[in-house]
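To start, the structure itself, in structure tokens.
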Amino acid sequence: MRYMLMRKADTDTENAVLPTEEILQAMADYNERMLHAGVFVDGNGLRPTREGCRIQFRNGEPTVVRGPFEHTHELLAGYSVLEADSLEDAIAWAKQWPREDSDGNVTLELRRYFTLEDFEPGAALEKHRSMGNLPREMNVHVAFGGNCREAMEFYAEVTAGHLEAMITYGETPAKADVPEAMHDRIVHSSLNLRGRRLMGADMAGDCYQAPQGAQVHLDYADTERAEQVFQALSEGGTTIMPFEETFWAHRFGMVKDRFGVQWMISAELDQCQ
């Protein structure tokens, strides 16, 4: 069963007083214990209500009420999501909240999540259930013949994405199963583009096959920026379709870059309905 453990606000949290290093360490240790026990799912702190708002509806009409809000003890400063077998188990973990937080003077609240099984069957419930069947992410993985590091660093520079992982075979248990020449090759890399990822890895010997039959698509609102990316990917590569106006986009082009990866670049794409 899933529970939300809510940490109520106080004067310090509403005044944006940040936790000390001691408190941060204590909370990290606490979360780590729950993580190792399979209890901790997620957790976050919230900024003061003066930086937030409430949206109140009256007869269906919304009104935005800006913070800060009164009754500090009723407000929320942060939360953790716990997976526990019972309310008693969740309480047992809540009682271990670090004493370093506000010198041991905090108020917590535990609430159990509803699940789809709590509701009567029906069309609306099935719609919610179908959304729950979606994967958390949809990413693209590309194979390389030994130049994954060069390619991914190039893609990060061209797209301004965040290169969040670059791991070699030699840094993993796979080290024992691959030739020594592969130890400095990449077993996993990840380029984060607004929460979607282009991942890549080097394949050994005959395992590598040049990508074909698939393209990585990037869509831009700014035509000039889209053309810059298209031109950068074209350098040393092959233009498959020039970057020009089409009936489905203000500008669109296709290119195979110098690493053998195919791209589709568009600007002001007309989405299919």
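So you can find residues: chains in the structure tokens are A, B, ... in the order shown, residues in each start at 1, and ligands are numbered from 1 in order.
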
Selection: 8 Å around Phe230 in chain A, only C-alpha atoms, excl. self and same-chain fewer than 5 positions, as an MDAnalysis selection string = chainID A and resid 243 253 255 265

With a cut-off of 7 Å, could you pull out the residues of range 188-236 of chain A touching range 143-164 of chain A and give me the nearest pair of atoms for each, distance in Å to one decimal, using only C-alpha atoms, ordered by chain and ascending number, as a Markdown table?
```
| residue | atom | partner | partner_atom | distance |
| --- | --- | --- | --- | --- |
| A:Ser190 | CA | A:Glu164 | CA | 5.7 |
| A:Leu191 | CA | A:Leu163 | CA | 4.4 |
| A:Asn192 | CA | A:His162 | CA | 5.0 |
| A:Leu193 | CA | A:Gly161 | CA | 5.1 |
| A:Gly200 | CA | A:Ala143 | CA | 5.7 |
| A:Ala201 | CA | A:Ala143 | CA | 5.3 |
| A:Asp202 | CA | A:Phe144 | CA | 4.6 |
| A:Met203 | CA | A:Gly145 | CA | 5.6 |
| A:Tyr208 | CA | A:Gly145 | CA | 5.7 |
| A:Val229 | CA | A:Val158 | CA | 6.2 |
| A:Ala232 | CA | A:Val158 | CA | 6.9 |
```

Alpha helix (DSSP H) residues, from DSSP on the backbone, in range 111-236 of chain A, as a VMD selection string | chain A and resid 123 to 132 148 to 159 223 to 234

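Comparing A:Gly195, A:Glu268, A:Glu235, A:Val261 by their smallest distance to Ala249 in chain A, the closest is A:Glu268 (using only C-alpha atoms).
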
Using only C-alpha atoms, which residues sit within 10 Å of Met241 in chain A once same-chain residues fewer than 2 positions away are excluded, as a VMD selection string?
-> chain A and resid 238 to 239 243 to 244 252 to 256 264

Please provide as a VMD selection string all residues within 9 Å of range 50-59 of chain A, with the sequence filter that same-chain residues fewer than 5 positions apart are discarded (counting only C-alpha atoms).
-> chain A and resid 14 to 15 64 to 69

Write down as an MDAnalysis selection string the residues belonging to range 152-226 of chain A that are assigned strand (DSSP E) by DSSP computed on the backbone.
-> chainID A and resid 162:168 186:193 196:202 216:220

Residue subset to file, keeping N, CA, C and O atoms, as a short mmCIF file (atom, residue, chain, number, x, y, z; two decimals), in the first residue's frame:
```cif
data_model
loop_
_atom_site.label_atom_id
_atom_site.label_comp_id
_atom_site.auth_asym_id
_atom_site.auth_seq_id
_atom_site.Cartn_x
_atom_site.Cartn_y
_atom_site.Cartn_z
N HIS A 162 21.49 17.58 -22.04
CA HIS A 162 22.30 17.25 -20.86
C HIS A 162 22.82 15.83 -20.99
O HIS A 162 22.05 14.86 -20.98
N LEU A 163 24.14 15.68 -21.14
CA LEU A 163 24.75 14.37 -21.22
C LEU A 163 24.88 13.82 -19.80
O LEU A 163 25.85 14.10 -19.10
N GLU A 164 23.90 13.03 -19.40
CA GLU A 164 23.79 12.65 -18.00
C GLU A 164 24.50 11.35 -17.65
O GLU A 164 24.65 11.02 -16.47
N ALA A 165 24.92 10.59 -18.65
CA ALA A 165 25.62 9.33 -18.36
C ALA A 165 26.59 9.02 -19.49
O ALA A 165 26.29 9.21 -20.66
N MET A 166 27.78 8.51 -19.10
CA MET A 166 28.79 8.05 -20.06
C MET A 166 29.64 7.02 -19.32
O MET A 166 30.61 7.35 -18.65
N ILE A 167 29.25 5.76 -19.43
CA ILE A 167 29.84 4.69 -18.63
C ILE A 167 30.57 3.71 -19.55
O ILE A 167 30.01 3.26 -20.56
N THR A 168 31.80 3.37 -19.20
CA THR A 168 32.57 2.44 -20.01
C THR A 168 32.36 1.00 -19.54
O THR A 168 31.93 0.75 -18.41
N ILE A 186 32.10 2.56 -24.65
CA ILE A 186 30.92 2.95 -23.87
C ILE A 186 29.88 1.83 -23.85
O ILE A 186 29.44 1.35 -24.89
N VAL A 187 29.49 1.43 -22.63
CA VAL A 187 28.44 0.43 -22.47
C VAL A 187 27.07 1.09 -22.29
O VAL A 187 26.04 0.51 -22.60
N HIS A 188 27.08 2.35 -21.80
CA HIS A 188 25.81 3.08 -21.65
C HIS A 188 26.07 4.58 -21.64
O HIS A 188 26.96 5.06 -20.93
N SER A 189 25.31 5.29 -22.45
CA SER A 189 25.33 6.76 -22.43
C SER A 189 23.91 7.24 -22.56
O SER A 189 23.05 6.56 -23.13
N SER A 190 23.66 8.44 -22.04
CA SER A 190 22.31 8.97 -22.06
C SER A 190 22.34 10.47 -22.21
O SER A 190 22.99 11.18 -21.43
N LEU A 191 21.65 10.97 -23.23
CA LEU A 191 21.52 12.40 -23.49
C LEU A 191 20.08 12.79 -23.21
O LEU A 191 19.16 12.32 -23.87
N ASN A 192 19.88 13.65 -22.22
CA ASN A 192 18.55 14.06 -21.78
C ASN A 192 18.12 15.29 -22.57
O ASN A 192 18.74 16.34 -22.51
N LEU A 193 17.01 15.15 -23.29
CA LEU A 193 16.43 16.24 -24.07
C LEU A 193 15.01 16.48 -23.58
O LEU A 193 14.07 15.80 -23.99
N ARG A 196 13.23 13.40 -22.39
CA ARG A 196 13.33 12.25 -23.29
C ARG A 196 14.80 12.00 -23.58
O ARG A 196 15.59 12.93 -23.62
N ARG A 197 15.14 10.75 -23.80
CA ARG A 197 16.56 10.40 -23.84
C ARG A 197 16.96 9.72 -25.14
O ARG A 197 16.27 8.82 -25.63
N LEU A 198 18.11 10.16 -25.64
CA LEU A 198 18.82 9.45 -26.69
C LEU A 198 19.94 8.69 -26.00
O LEU A 198 20.84 9.30 -25.41
N MET A 199 19.87 7.36 -26.05
CA MET A 199 20.87 6.53 -25.39
C MET A 199 21.73 5.84 -26.43
O MET A 199 21.31 5.67 -27.58
N GLY A 200 22.93 5.45 -26.04
CA GLY A 200 23.82 4.80 -26.99
C GLY A 200 24.83 3.92 -26.31
O GLY A 200 25.09 4.05 -25.11
N ALA A 201 25.43 3.02 -27.09
CA ALA A 201 26.46 2.12 -26.58
C ALA A 201 27.30 1.62 -27.75
O ALA A 201 26.84 1.56 -28.89
N ASP A 202 28.55 1.27 -27.46
CA ASP A 202 29.42 0.65 -28.44
C ASP A 202 29.17 -0.85 -28.47
O ASP A 202 29.09 -1.51 -27.43
N VAL A 216 15.90 9.67 -35.73
CA VAL A 216 15.65 10.45 -34.53
C VAL A 216 15.04 11.77 -34.98
O VAL A 216 15.63 12.48 -35.81
N HIS A 217 13.87 12.12 -34.45
CA HIS A 217 13.16 13.32 -34.89
C HIS A 217 13.27 14.43 -33.85
O HIS A 217 12.99 14.20 -32.67
N LEU A 218 13.71 15.61 -34.26
CA LEU A 218 13.76 16.79 -33.41
C LEU A 218 12.87 17.86 -34.02
O LEU A 218 13.01 18.17 -35.20
N ASP A 219 11.98 18.42 -33.24
CA ASP A 219 11.08 19.47 -33.71
C ASP A 219 11.36 20.76 -32.96
O ASP A 219 11.46 20.76 -31.73
N TYR A 220 11.47 21.87 -33.67
CA TYR A 220 11.79 23.17 -33.09
C TYR A 220 10.71 24.18 -33.43
O TYR A 220 10.12 24.14 -34.52
#
```

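Considering only C-alpha atoms, the residue among A:Phe119, A:Asn139, A:Asp29, A:Tyr3 positioned nearest to Glu88 in chain A is A:Tyr3.
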
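Minimum atom-to-atom distances from A:Ser266, A:Thr13, A:Ser130, A:Gln25 to Gln228 in chain A were compared using only C-alpha atoms, and the lowest value belongs to A:Ser266.
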
Please identify all polymer residues within 10 Å of range 98-105 of chain A, counting only C-alpha atoms, omitting same-chain residues fewer than 2 positions from it, and present them as a PyMOL selection string.
-> chain A and resi 10+12-13+19-20+22-30+94-96+107

Contacts of His250 in chain A at 9 Å or less, counting only C-alpha atoms, minus same-chain residues fewer than 3 places along, as JSON, numbers by chain?
-> {"A": [223, 244, 245, 246, 247, 266, 267, 268, 269, 270]}

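For the choices A:Glu126, A:Glu21, A:Asn133, A:Arg2, the atom-to-atom distance to Phe114 in chain A is smallest for A:Arg2 when using only C-alpha atoms.
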